[in-house]
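Chemist: Sharing a structure here in C-alpha cells format.
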Amino acid sequence: MKQTPPALTMTKTLALALALAGATLAPAQAGGAVKAPPARAAAKPFLWENATVYFLLTDRFNNANPANDLAYGRKADAAPQRGYMGGDLAGITAKIRDGYFDRLGVNVIWLTPPVEQIHAGTDEGTGLSYGFHGYWARDWSSVDANLGTEQDMRDFVASAHAHGIRVLLDVVMNQTGPVTGQDPVWPADWVRTEPQCSYKDVATTVECTLVKNLPDVRTESETPVALPPALVEKWRAEGRYQREVAELDAFFARTGYPRTPRYHLIKWHTDWIRKYGVDGFRADTVKHVEPASWKALKTVASATYEEWKRANPGKVPAAQAFFMTAEAYGYNIAGGPLFTYDGGEQVNYFDNGFDSMINFGLKYDARQDYETLFSKYSGLLQGAFKGRSVLNYLSSHDDEQPFDAARSKPFESANKLLLAPGAAQIYYGDETARRLDVADALGDARLRSYMNWDELARNAARDGYRIADVQRHWAKLGLFRQAHVAVGAGVHQQLQAQPYVFKRTYEQNGISDKVVVALDLPAGEAHVIDLGGVFADGQRVRDGYSGARAVVRHGKARFPAGYSIVLVGRD
C-alpha cells in the first residue's frame, strides 16, 4: 500500500538527504579530531516522563575507526548479522557533534553495554555468534576494544552532555558471557550453569540460567567470594591488578557491603558513573534478578552520581537525579505498576530502585485508533502510575514481533510512538525505516542490521515513500516533544473526533505547558483549528510541523495548507 507523507509536497533531492543525514558519508578518521559545531542549549524543562530516548547498538550504528573493527583476534566468520560490523563509540560521538540527534529532538541516548565481551564466538543454535550486542560480559571493568577506548567513552558522554543529551547505560546483573575455549567459566560460588529457567514461579525465573551455556551470576548469594582467577590473570597481564584490587578494597571499606557477587557487580557498574558521568541505567533481564539487587544498585548509583556532579559542576545538562528503567520482559502498562511472574507472584519494581518500566504493550496498542490509545495511556499514567512512568517502544533489539517489521507504516508509527503519553524509545533506524526483516538472518539478528545511512544518503524510495521524508516527519514530531513536556507527561483530552484534535496540559512543579495536536487533516486545505480554550484570544501560537505562526482569534487559529498535521504550542 502506498504511503503518502503528511505533506502536500516535499523536496526529494540527494542534497536534502545528505543534509538530513548530517554528512554521514564522511565518518571521522581514526585518531582524528572531529570539530564540534556550537552545541545547542539544553531544552528546558526536561522530564524523564517525556524523554525521547534513542536506543542504538553501538556496533551497528556508525563506524568512525575501522582500525578497531576486529579486536582480541575476533574473526569475520559469524552467521548472518551475528558478527561485529564496525560501529564504535567514536561513531556515536561523530553523529552527536554533527547534530544528528539534535535534529531529531533526542534528549537521551541509550546504548548497549560497552563492557568487554567474550573474545570468541559461540553457536546457540542460530549459527556462530559474537557478543557485538554487549550482553555477554567478560570484564565489566573494561571498555570493549571493538567499540573503542576509555577516552572514546569519555568523549562520547562529554559530547552528549554538551548537546543537552543524557546517557542511559545498559547494565547486566544477571549473567556473564557464554563459556568458550577462550572464555572460561567463573567459579561455582560466582555463577551457576544449571538448571535452565522453567518460568514456573519466581525461583525458576531467578535462580537459573536463561539459556544453555549462559552462566547465571549468584546475585542472591550471601557468601563472600574471591576474585575469579581468569579476571585476576587478565588484570595482571594488563598491568592493573593492584589498582583494581585497591579500588575494590576501598569500595567495600567505605560501604560496609559484604564481598558477594552482587556487590562486586554493583561496584563495577557504578564505576561507569564515577569515571564517565552516565546519567542513568537501563537494566537488562530485570525479572531474572532478585529485586533487592536492583534496589541496592540504585542506592549506590544515586550516591555515585551525586558525587560525580559535585566533582564536575555544570557538565550535566540540568539538575536531575540518577534514573533507572527496567526491562522486565513482557511487562505491559495495562497491568498497572505491578509486574506479574508466571505463577502469579507480583513485584513492584518502582519500590525496588526503578523510576520507569519499559512498556512491551505499545506494539499491540498501536493497532488501535489514536484516541483509544492516547486516552488509555493518559488515564493510566495520570492514575495508577502517578509520579511514575513507562518507556514506550514499537521496535527493539530482541522483540521479534515489532509493530511494523516491514516498515510499511513509518508515518503512523511515528505518530503513535512520539505522541503517545509516556516516554518514547526510538530504536535506531525507526526514523529512517531501517528494515527489521533481514531475509538471510535468523531470530533476533533480523532486527539488528547496520544503520541504513546509505538509503538516507540517496533518499531511497520504498513502498510509496522516501526515506528522507520519513526522517523529516520523525524529526518534526521529536522536536515538538522536546519543546513541550505536555506531550509525554501531560493530561490528554480529545477536542474533536473528525478530523482528530486533542490537547495535552501539564501543570506541575512550577511548570506550565499546553499543546493542541491535529492529525489526519486534508493537506490541500487551510486549517482552522479550534483550540478548545487552551490558548487565549490574542495569544501567538506556532505550528511545530510547518513552522507557521498564528494569532488566536475567537478561540481558533488558522494555519496554511500543505500538511495533514498541526502541532500547536505557544510561540
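Ligands are numbered from 1 in the order shown, chains are lettered A, B, ... in the order of the C-alpha cells, and residues start at 1 in each chain.
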Would you mind listing, for every residue of range 204-275 of chain A within 7 Å of range 300-310 of chain A, the two atoms forming the shortest contact and the distance between them in Å to one decimal, using only C-alpha atoms, sorted by chain and ascending residue number, as a Markdown table?
Modeler:
| residue | atom | partner | partner_atom | distance |
| --- | --- | --- | --- | --- |
| A:Thr270 | CA | A:Ala301 | CA | 5.5 |
| A:Ile273 | CA | A:Tyr305 | CA | 6.1 |
| A:Arg274 | CA | A:Trp308 | CA | 5.9 |
Chemist: For the residues in that selection, give me N, CA, C and O atoms as a PDB file, in the first residue's frame.
Modeler:
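again-v7.pdb, freshly written:
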ATOM      1  N   THR A 270      28.703   0.820  38.825  1.00  0.00           N
ATOM      2  CA  THR A 270      28.677   2.229  39.225  1.00  0.00           C
ATOM      3  C   THR A 270      29.987   2.941  38.906  1.00  0.00           C
ATOM      4  O   THR A 270      30.021   4.179  38.889  1.00  0.00           O
ATOM      5  N   ILE A 273      29.592   5.376  36.196  1.00  0.00           N
ATOM      6  CA  ILE A 273      29.142   6.708  36.614  1.00  0.00           C
ATOM      7  C   ILE A 273      30.333   7.507  37.125  1.00  0.00           C
ATOM      8  O   ILE A 273      30.546   8.662  36.752  1.00  0.00           O
ATOM      9  N   ARG A 274      31.109   6.878  37.993  1.00  0.00           N
ATOM     10  CA  ARG A 274      32.251   7.555  38.618  1.00  0.00           C
ATOM     11  C   ARG A 274      33.275   8.014  37.585  1.00  0.00           C
ATOM     12  O   ARG A 274      33.831   9.114  37.674  1.00  0.00           O
TER      13      ARG A 274
END
Chemist: Can you list, as a PDB file with C-alpha atoms, in the first residue's frame, all residues belonging to range 265-476 of chain A that DSSP tags as helix (DSSP H, G or I)?
Modeler:
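What follows is the written file out-v1.pdb:
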ATOM      1  CA  LEU A 265      28.848  -6.171  40.131  1.00  0.00           C
ATOM      2  CA  ILE A 266      27.390  -3.068  41.754  1.00  0.00           C
ATOM      3  CA  LYS A 267      30.883  -1.643  42.198  1.00  0.00           C
ATOM      4  CA  TRP A 268      31.857  -2.353  38.591  1.00  0.00           C
ATOM      5  CA  HIS A 269      28.612  -0.952  37.171  1.00  0.00           C
ATOM      6  CA  THR A 270      28.677   2.229  39.225  1.00  0.00           C
ATOM      7  CA  ASP A 271      32.280   2.816  38.150  1.00  0.00           C
ATOM      8  CA  TRP A 272      30.818   3.831  34.782  1.00  0.00           C
ATOM      9  CA  ILE A 273      29.142   6.708  36.614  1.00  0.00           C
ATOM     10  CA  ARG A 274      32.251   7.555  38.618  1.00  0.00           C
ATOM     11  CA  LYS A 275      34.541   7.517  35.564  1.00  0.00           C
ATOM     12  CA  TYR A 276      32.314   8.975  32.869  1.00  0.00           C
ATOM     13  CA  VAL A 286      15.212  -7.456  35.473  1.00  0.00           C
ATOM     14  CA  LYS A 287      12.818 -10.274  36.283  1.00  0.00           C
ATOM     15  CA  HIS A 288      15.731 -12.741  36.353  1.00  0.00           C
ATOM     16  CA  PRO A 291      14.597  -7.111  43.415  1.00  0.00           C
ATOM     17  CA  ALA A 292      16.967  -6.494  46.341  1.00  0.00           C
ATOM     18  CA  SER A 293      19.921  -6.381  43.943  1.00  0.00           C
ATOM     19  CA  TRP A 294      18.286  -3.670  41.859  1.00  0.00           C
ATOM     20  CA  LYS A 295      17.400  -1.639  44.922  1.00  0.00           C
ATOM     21  CA  ALA A 296      20.991  -1.848  46.128  1.00  0.00           C
ATOM     22  CA  LEU A 297      22.296  -0.876  42.691  1.00  0.00           C
ATOM     23  CA  LYS A 298      20.080   2.231  42.661  1.00  0.00           C
ATOM     24  CA  THR A 299      21.271   3.260  46.126  1.00  0.00           C
ATOM     25  CA  VAL A 300      24.952   3.123  45.173  1.00  0.00           C
ATOM     26  CA  ALA A 301      24.364   4.562  41.691  1.00  0.00           C
ATOM     27  CA  SER A 302      22.480   7.566  43.059  1.00  0.00           C
ATOM     28  CA  ALA A 303      25.199   8.372  45.576  1.00  0.00           C
ATOM     29  CA  THR A 304      27.917   7.964  42.942  1.00  0.00           C
ATOM     30  CA  TYR A 305      26.075  10.239  40.521  1.00  0.00           C
ATOM     31  CA  GLU A 306      25.764  12.978  43.126  1.00  0.00           C
ATOM     32  CA  GLU A 307      29.490  12.681  43.814  1.00  0.00           C
ATOM     33  CA  TRP A 308      30.263  12.954  40.101  1.00  0.00           C
ATOM     34  CA  LYS A 309      28.082  16.047  39.725  1.00  0.00           C
ATOM     35  CA  ARG A 310      29.787  17.746  42.654  1.00  0.00           C
ATOM     36  CA  ALA A 311      33.182  16.970  41.128  1.00  0.00           C
ATOM     37  CA  ILE A 333       1.336  -0.915  31.057  1.00  0.00           C
ATOM     38  CA  ALA A 334      -2.192  -2.363  31.137  1.00  0.00           C
ATOM     39  CA  GLY A 335      -1.228  -4.398  34.204  1.00  0.00           C
ATOM     40  CA  TYR A 349       9.849  -2.655  40.733  1.00  0.00           C
ATOM     41  CA  PHE A 350       9.098   1.012  41.364  1.00  0.00           C
ATOM     42  CA  ASP A 351       9.638   0.196  45.040  1.00  0.00           C
ATOM     43  CA  LEU A 362       2.548  -0.335  22.799  1.00  0.00           C
ATOM     44  CA  LYS A 363       3.347  -2.588  19.839  1.00  0.00           C
ATOM     45  CA  TYR A 364      -0.099  -4.155  20.392  1.00  0.00           C
ATOM     46  CA  ASP A 365      -1.915  -0.984  21.433  1.00  0.00           C
ATOM     47  CA  TYR A 370      -5.358   7.312  18.108  1.00  0.00           C
ATOM     48  CA  GLU A 371      -7.949   8.271  20.677  1.00  0.00           C
ATOM     49  CA  THR A 372      -8.313   4.776  22.135  1.00  0.00           C
ATOM     50  CA  LEU A 373      -4.544   4.534  22.506  1.00  0.00           C
ATOM     51  CA  PHE A 374      -3.895   8.030  23.840  1.00  0.00           C
ATOM     52  CA  SER A 375      -6.781   8.173  26.306  1.00  0.00           C
ATOM     53  CA  LYS A 376      -5.894   4.736  27.700  1.00  0.00           C
ATOM     54  CA  TYR A 377      -2.273   5.695  28.326  1.00  0.00           C
ATOM     55  CA  SER A 378      -3.126   9.078  29.774  1.00  0.00           C
ATOM     56  CA  GLY A 379      -5.662   7.531  32.130  1.00  0.00           C
ATOM     57  CA  LEU A 380      -3.131   5.025  33.434  1.00  0.00           C
ATOM     58  CA  LEU A 381      -0.213   7.452  33.744  1.00  0.00           C
ATOM     59  CA  PRO A 410       6.538   4.622   9.134  1.00  0.00           C
ATOM     60  CA  PHE A 411       4.449   7.799   9.434  1.00  0.00           C
ATOM     61  CA  GLU A 412       1.721   6.183  11.518  1.00  0.00           C
ATOM     62  CA  SER A 413       4.418   4.571  13.672  1.00  0.00           C
ATOM     63  CA  ALA A 414       5.952   7.959  14.398  1.00  0.00           C
ATOM     64  CA  ASN A 415       2.588   9.464  15.315  1.00  0.00           C
ATOM     65  CA  LYS A 416       1.678   6.668  17.706  1.00  0.00           C
ATOM     66  CA  LEU A 417       5.077   6.400  19.389  1.00  0.00           C
ATOM     67  CA  LEU A 418       6.068  10.053  19.657  1.00  0.00           C
ATOM     68  CA  ASP A 430      12.957   3.740  13.203  1.00  0.00           C
ATOM     69  CA  GLU A 431      13.328   7.259  11.844  1.00  0.00           C
ATOM     70  CA  THR A 432      14.835   6.012   8.557  1.00  0.00           C
ATOM     71  CA  GLY A 443      15.900 -14.885  15.147  1.00  0.00           C
ATOM     72  CA  ASP A 444      16.654 -11.549  16.757  1.00  0.00           C
ATOM     73  CA  ALA A 445      19.554 -10.987  14.340  1.00  0.00           C
ATOM     74  CA  ARG A 446      16.926  -9.907  11.813  1.00  0.00           C
ATOM     75  CA  LEU A 447      16.297  -6.836  13.969  1.00  0.00           C
ATOM     76  CA  TRP A 453      22.832   5.542   6.205  1.00  0.00           C
ATOM     77  CA  ASP A 454      23.179   4.584   2.539  1.00  0.00           C
ATOM     78  CA  GLU A 455      19.414   4.660   1.968  1.00  0.00           C
ATOM     79  CA  LEU A 456      19.138   8.005   3.722  1.00  0.00           C
ATOM     80  CA  ALA A 457      22.022   9.470   1.739  1.00  0.00           C
ATOM     81  CA  ILE A 467      13.486   7.685   3.401  1.00  0.00           C
ATOM     82  CA  ALA A 468      14.286  11.382   3.852  1.00  0.00           C
ATOM     83  CA  ASP A 469      10.576  12.191   4.089  1.00  0.00           C
ATOM     84  CA  VAL A 470      10.200   9.616   6.835  1.00  0.00           C
ATOM     85  CA  GLN A 471      13.119  11.069   8.766  1.00  0.00           C
ATOM     86  CA  ARG A 472      11.781  14.612   8.317  1.00  0.00           C
ATOM     87  CA  HIS A 473       8.455  13.520   9.834  1.00  0.00           C
ATOM     88  CA  TRP A 474      10.068  11.804  12.839  1.00  0.00           C
ATOM     89  CA  ALA A 475      12.280  14.842  13.397  1.00  0.00           C
ATOM     90  CA  LYS A 476       9.380  17.292  13.473  1.00  0.00           C
TER      91      LYS A 476
END
Chemist: May I ask for the distance between CA of Val232 in chain A and CA of Leu111 in chain A, given in Å to one decimal place?
Modeler: 27.9 Å
Chemist: Find the spatial neighbours of Arg60 in chain A, counting only C-alpha atoms, within a cut-off of 9 Å - ignore same-chain residues fewer than 6 positions away - and output them as an MDAnalysis selection string.
Modeler: chainID A and resid 84:88 132:133 428 448:451
Chemist: Could you jot down the CA of Thr193 in chain A to CA of Asp170 in chain A separation for me, Å, one decimal place?
Modeler: 23.3 Å
Chemist: Please, which residues in range 393-425 of chain A fall within 12 Å of range 323-331 of chain A when counting only C-alpha atoms, and what is the closest atom pair and distance in Å to one decimal for each, ordered by chain then residue number, as JSON lines?
Modeler:
{"residue": "A:Tyr393", "atom": "CA", "partner": "A:Glu327", "partner_atom": "CA", "distance": 11.9}
{"residue": "A:Ser396", "atom": "CA", "partner": "A:Glu327", "partner_atom": "CA", "distance": 11.6}
{"residue": "A:Asp398", "atom": "CA", "partner": "A:Tyr329", "partner_atom": "CA", "distance": 9.9}
{"residue": "A:Asp399", "atom": "CA", "partner": "A:Tyr329", "partner_atom": "CA", "distance": 9.4}
{"residue": "A:Gln401", "atom": "CA", "partner": "A:Gly330", "partner_atom": "CA", "distance": 11.9}
{"residue": "A:Ala423", "atom": "CA", "partner": "A:Thr325", "partner_atom": "CA", "distance": 10.8}
{"residue": "A:Gln425", "atom": "CA", "partner": "A:Thr325", "partner_atom": "CA", "distance": 11.7}
Chemist: Tell me, as a VMD selection string, which residues lie within 12 Å of Ala318 in chain A, counting only C-alpha atoms; anything in the same chain fewer than 3 positions away does not count.
Modeler: chain A and resid 41 to 48 107 161 to 166 279 309 313 to 315 321 to 322
Chemist: Leaving out Glu290 in chain A and any residue of its chain fewer than 5 positions from it, which residues lie within 12 Å of it when counting only C-alpha atoms, given as a CSV table (one decimal) with all heavy atoms, in the first residue's frame?
Modeler:
chain,number,residue,atom,x,y,z
A,173,MET,N,23.2,-7.5,35.2
A,173,MET,CA,23.5,-8.1,36.5
A,173,MET,C,23.3,-9.6,36.5
A,173,MET,O,23.7,-10.3,37.4
A,173,MET,CB,22.6,-7.5,37.6
A,173,MET,CG,22.9,-6.0,37.9
A,173,MET,SD,24.3,-5.7,39.0
A,173,MET,CE,23.5,-6.1,40.6
A,174,ASN,N,22.6,-10.1,35.5
A,174,ASN,CA,22.1,-11.5,35.5
A,174,ASN,C,23.2,-12.5,35.1
A,174,ASN,O,23.2,-13.6,35.8
A,174,ASN,CB,20.9,-11.6,34.6
A,174,ASN,CG,20.3,-13.0,34.6
A,174,ASN,OD1,19.8,-13.4,35.6
A,174,ASN,ND2,20.4,-13.8,33.5
A,202,VAL,N,8.9,-17.6,40.8
A,202,VAL,CA,10.0,-16.6,40.9
A,202,VAL,C,11.3,-17.4,40.9
A,202,VAL,O,12.3,-17.1,40.2
A,202,VAL,CB,9.8,-15.8,42.1
A,202,VAL,CG1,11.1,-14.9,42.4
A,202,VAL,CG2,8.6,-14.9,42.0
A,203,ALA,N,11.4,-18.5,41.7
A,203,ALA,CA,12.6,-19.2,41.9
A,203,ALA,C,13.1,-19.8,40.6
A,203,ALA,O,14.3,-19.8,40.3
A,203,ALA,CB,12.4,-20.3,42.9
A,204,THR,N,12.2,-20.3,39.8
A,204,THR,CA,12.6,-20.9,38.5
A,204,THR,C,12.7,-19.9,37.4
A,204,THR,O,12.9,-20.2,36.2
A,204,THR,CB,11.6,-22.0,38.1
A,204,THR,OG1,10.3,-21.4,38.0
A,204,THR,CG2,11.5,-23.1,39.1
A,205,THR,N,12.6,-18.6,37.7
A,205,THR,CA,12.9,-17.5,36.8
A,205,THR,C,14.2,-16.8,37.2
A,205,THR,O,14.9,-16.2,36.4
A,205,THR,CB,11.7,-16.5,36.8
A,205,THR,OG1,10.5,-17.2,36.5
A,205,THR,CG2,12.0,-15.4,35.8
A,206,VAL,N,14.5,-16.8,38.5
A,206,VAL,CA,15.7,-16.1,39.0
A,206,VAL,C,16.9,-16.9,39.2
A,206,VAL,O,18.0,-16.6,38.8
A,206,VAL,CB,15.3,-15.3,40.4
A,206,VAL,CG1,16.5,-14.7,41.0
A,206,VAL,CG2,14.2,-14.3,40.1
A,207,GLU,N,16.7,-18.0,39.9
A,207,GLU,CA,17.9,-18.9,40.3
A,207,GLU,C,18.1,-20.0,39.2
A,207,GLU,O,18.0,-21.2,39.5
A,207,GLU,CB,17.7,-19.5,41.7
A,207,GLU,CG,17.6,-18.4,42.7
A,207,GLU,CD,17.3,-18.9,44.1
A,207,GLU,OE1,17.5,-20.1,44.4
A,207,GLU,OE2,16.9,-18.1,45.0
A,208,CYS,N,18.4,-19.5,38.0
A,208,CYS,CA,18.5,-20.5,36.9
A,208,CYS,C,19.2,-19.7,35.7
A,208,CYS,O,19.4,-18.5,35.8
A,208,CYS,CB,17.1,-20.9,36.5
A,208,CYS,SG,16.0,-19.5,36.2
A,217,VAL,N,24.8,-15.3,37.3
A,217,VAL,CA,25.5,-14.8,38.4
A,217,VAL,C,24.7,-15.0,39.7
A,217,VAL,O,23.5,-14.7,39.7
A,217,VAL,CB,25.8,-13.3,38.3
A,217,VAL,CG1,26.6,-12.8,39.5
A,217,VAL,CG2,26.7,-13.1,37.0
A,218,ARG,N,25.3,-15.5,40.8
A,218,ARG,CA,24.6,-15.7,42.0
A,218,ARG,C,24.4,-14.4,42.8
A,218,ARG,O,25.0,-14.3,43.9
A,218,ARG,CB,25.4,-16.8,42.8
A,218,ARG,CG,25.5,-18.1,42.2
A,218,ARG,CD,26.2,-19.1,43.0
A,218,ARG,NE,26.4,-20.4,42.4
A,218,ARG,CZ,25.5,-21.4,42.4
A,218,ARG,NH1,24.4,-21.3,43.0
A,218,ARG,NH2,25.8,-22.6,41.8
A,219,THR,N,23.7,-13.5,42.3
A,219,THR,CA,23.5,-12.2,42.9
A,219,THR,C,22.7,-12.3,44.3
A,219,THR,O,22.8,-11.4,45.1
A,219,THR,CB,22.7,-11.2,42.0
A,219,THR,OG1,21.6,-11.9,41.5
A,219,THR,CG2,23.6,-10.8,40.9
A,220,GLU,N,22.0,-13.4,44.5
A,220,GLU,CA,21.3,-13.6,45.7
A,220,GLU,C,22.2,-14.2,46.8
A,220,GLU,O,21.8,-14.2,48.0
A,220,GLU,CB,20.1,-14.6,45.5
A,220,GLU,CG,20.4,-16.1,45.5
A,220,GLU,CD,21.3,-16.6,44.3
A,220,GLU,OE1,21.5,-15.8,43.4
A,220,GLU,OE2,21.7,-17.7,44.4
A,221,SER,N,23.4,-14.6,46.5
A,221,SER,CA,24.3,-15.3,47.4
A,221,SER,C,24.7,-14.3,48.5
A,221,SER,O,25.1,-13.1,48.2
A,221,SER,CB,25.5,-15.9,46.7
A,221,SER,OG,26.4,-16.4,47.7
A,262,ARG,N,26.9,-10.0,44.2
A,262,ARG,CA,26.1,-8.8,44.0
A,262,ARG,C,26.8,-7.5,44.1
A,262,ARG,O,26.8,-6.6,43.2
A,262,ARG,CB,24.9,-8.8,45.0
A,262,ARG,CG,24.1,-7.5,44.9
A,262,ARG,CD,23.2,-7.4,46.1
A,262,ARG,NE,22.1,-8.4,46.1
A,262,ARG,CZ,21.3,-8.6,47.1
A,262,ARG,NH1,21.3,-7.8,48.2
A,262,ARG,NH2,20.3,-9.5,47.0
A,285,THR,N,17.2,-7.8,31.7
A,285,THR,CA,16.7,-9.0,32.4
A,285,THR,C,16.3,-8.8,33.8
A,285,THR,O,16.8,-9.6,34.7
A,285,THR,CB,17.8,-10.2,32.2
A,285,THR,OG1,19.0,-9.7,32.7
A,285,THR,CG2,17.9,-10.6,30.8
A,295,LYS,N,17.5,-2.7,43.9
A,295,LYS,CA,17.4,-1.6,44.9
A,295,LYS,C,18.8,-1.2,45.4
A,295,LYS,O,19.1,0.0,45.6
A,295,LYS,CB,16.5,-2.1,46.1
A,295,LYS,CG,16.1,-1.0,47.0
A,295,LYS,CD,15.0,-1.5,48.0
A,295,LYS,CE,14.4,-0.3,48.8
A,295,LYS,NZ,13.3,-0.8,49.7
A,296,ALA,N,19.6,-2.2,45.7
A,296,ALA,CA,21.0,-1.8,46.1
A,296,ALA,C,21.8,-1.1,45.0
A,296,ALA,O,22.5,-0.2,45.3
A,296,ALA,CB,21.7,-3.1,46.5
A,297,LEU,N,21.6,-1.6,43.8
A,297,LEU,CA,22.3,-0.9,42.7
A,297,LEU,C,21.9,0.6,42.6
A,297,LEU,O,22.7,1.5,42.4
A,297,LEU,CB,22.0,-1.6,41.4
A,297,LEU,CG,22.6,-0.9,40.1
A,297,LEU,CD1,24.1,-1.0,40.1
A,297,LEU,CD2,22.0,-1.6,38.8
A,328,ALA,N,11.7,-5.7,32.3
A,328,ALA,CA,11.1,-7.0,32.8
A,328,ALA,C,10.3,-7.5,31.6
A,328,ALA,O,9.2,-7.1,31.3
A,328,ALA,CB,10.2,-6.7,34.0
A,347,VAL,N,5.6,-8.3,41.7
A,347,VAL,CA,6.7,-7.4,42.3
A,347,VAL,C,6.4,-6.0,41.8
A,347,VAL,O,6.1,-5.7,40.6
A,347,VAL,CB,8.0,-7.9,41.8
A,347,VAL,CG1,9.1,-6.9,42.2
A,347,VAL,CG2,8.3,-9.3,42.3
A,348,ASN,N,6.6,-5.1,42.7
A,348,ASN,CA,6.6,-3.6,42.4
A,348,ASN,C,8.0,-3.1,42.2
A,348,ASN,O,8.7,-2.9,43.2
A,348,ASN,CB,5.8,-2.8,43.5
A,348,ASN,CG,5.6,-1.4,43.0
A,348,ASN,OD1,6.4,-0.8,42.3
A,348,ASN,ND2,4.5,-0.8,43.5
A,349,TYR,N,8.5,-3.1,41.0
A,349,TYR,CA,9.8,-2.7,40.7
A,349,TYR,C,10.1,-1.2,41.0
A,349,TYR,O,11.2,-0.7,41.2
A,349,TYR,CB,10.3,-3.0,39.3
A,349,TYR,CG,10.5,-4.5,39.1
A,349,TYR,CD1,9.7,-5.3,38.4
A,349,TYR,CD2,11.6,-5.1,39.8
A,349,TYR,CE1,9.9,-6.6,38.2
A,349,TYR,CE2,11.8,-6.5,39.7
A,349,TYR,CZ,11.0,-7.2,38.9
A,349,TYR,OH,11.2,-8.6,38.7
A,352,ASN,N,11.6,-0.9,44.1
A,352,ASN,CA,12.9,-1.5,44.2
A,352,ASN,C,13.9,-0.9,43.3
A,352,ASN,O,14.7,-1.6,42.6
A,352,ASN,CB,12.7,-3.0,43.9
A,352,ASN,CG,12.1,-3.8,45.0
A,352,ASN,OD1,12.7,-4.2,46.0
A,352,ASN,ND2,10.7,-3.9,44.9
A,353,GLY,N,14.0,0.4,43.3
A,353,GLY,CA,15.0,1.1,42.6
A,353,GLY,C,14.7,1.8,41.3
A,353,GLY,O,15.5,2.6,40.7
Chemist: Would you mind telling me which residue in A:Ala51, A:Ile109, A:Arg558, A:Ala433 lies nearest to Ser389 in chain A when using only C-alpha atoms?
Modeler: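 When distances to Ser389 in chain A are compared using only C-alpha atoms, the smallest one comes from A:Ala51.
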Chemist: Can you tell me how far CA of Ala518 in chain A sits from CA of Gly336 in chain A, in Å to one decimal?
Modeler: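 Answer for the CA of Ala518 in chain A to CA of Gly336 in chain A separation: 28.9 Å.
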Chemist: Near Asp530 in chain A, within 9 Å and counting only C-alpha atoms, which residues show up once chain neighbours fewer than 5 positions away are dropped, as an MDAnalysis selection string?
Modeler: chainID A and resid 495:496 501 554:557
Chemist: Could the residues in this selection be saved with C-alpha atoms as a PDB file, in the first residue's frame?
Modeler:
ATOM      1  CA  LEU A 495     -11.251  18.022  21.482  1.00  0.00           C
ATOM      2  CA  GLN A 496     -12.652  16.803  18.191  1.00  0.00           C
ATOM      3  CA  VAL A 501      -7.822  17.004  17.518  1.00  0.00           C
ATOM      4  CA  HIS A 554     -12.324  33.595  18.725  1.00  0.00           C
ATOM      5  CA  GLY A 555     -10.651  30.528  20.221  1.00  0.00           C
ATOM      6  CA  LYS A 556      -9.238  29.358  16.893  1.00  0.00           C
ATOM      7  CA  ALA A 557      -6.003  29.544  14.924  1.00  0.00           C
TER       8      ALA A 557
END
Chemist: Could you check the closest approach to Thr340 in chain A for each of A:Trp140, A:Phe559, A:Tyr241, A:Tyr199 and tell me which residue wins, using only C-alpha atoms?
Modeler: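 For Thr340 in chain A, the nearest of the candidates is A:Tyr199.
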Chemist: Give me, as JSON, numbers by chain, all polymer residues having an atom no more than 6 Å from Gly105 in chain A, counting only C-alpha atoms and skipping those fewer than 5 positions away in the same chain.
Modeler: {"A": [478, 479, 482]}
Chemist: Under the rule that only C-alpha atoms are counted, which of A:Asp342, A:Gln182, A:Val516, A:Arg542 is the nearest residue to Lys200 in chain A?
Modeler: A:Asp342
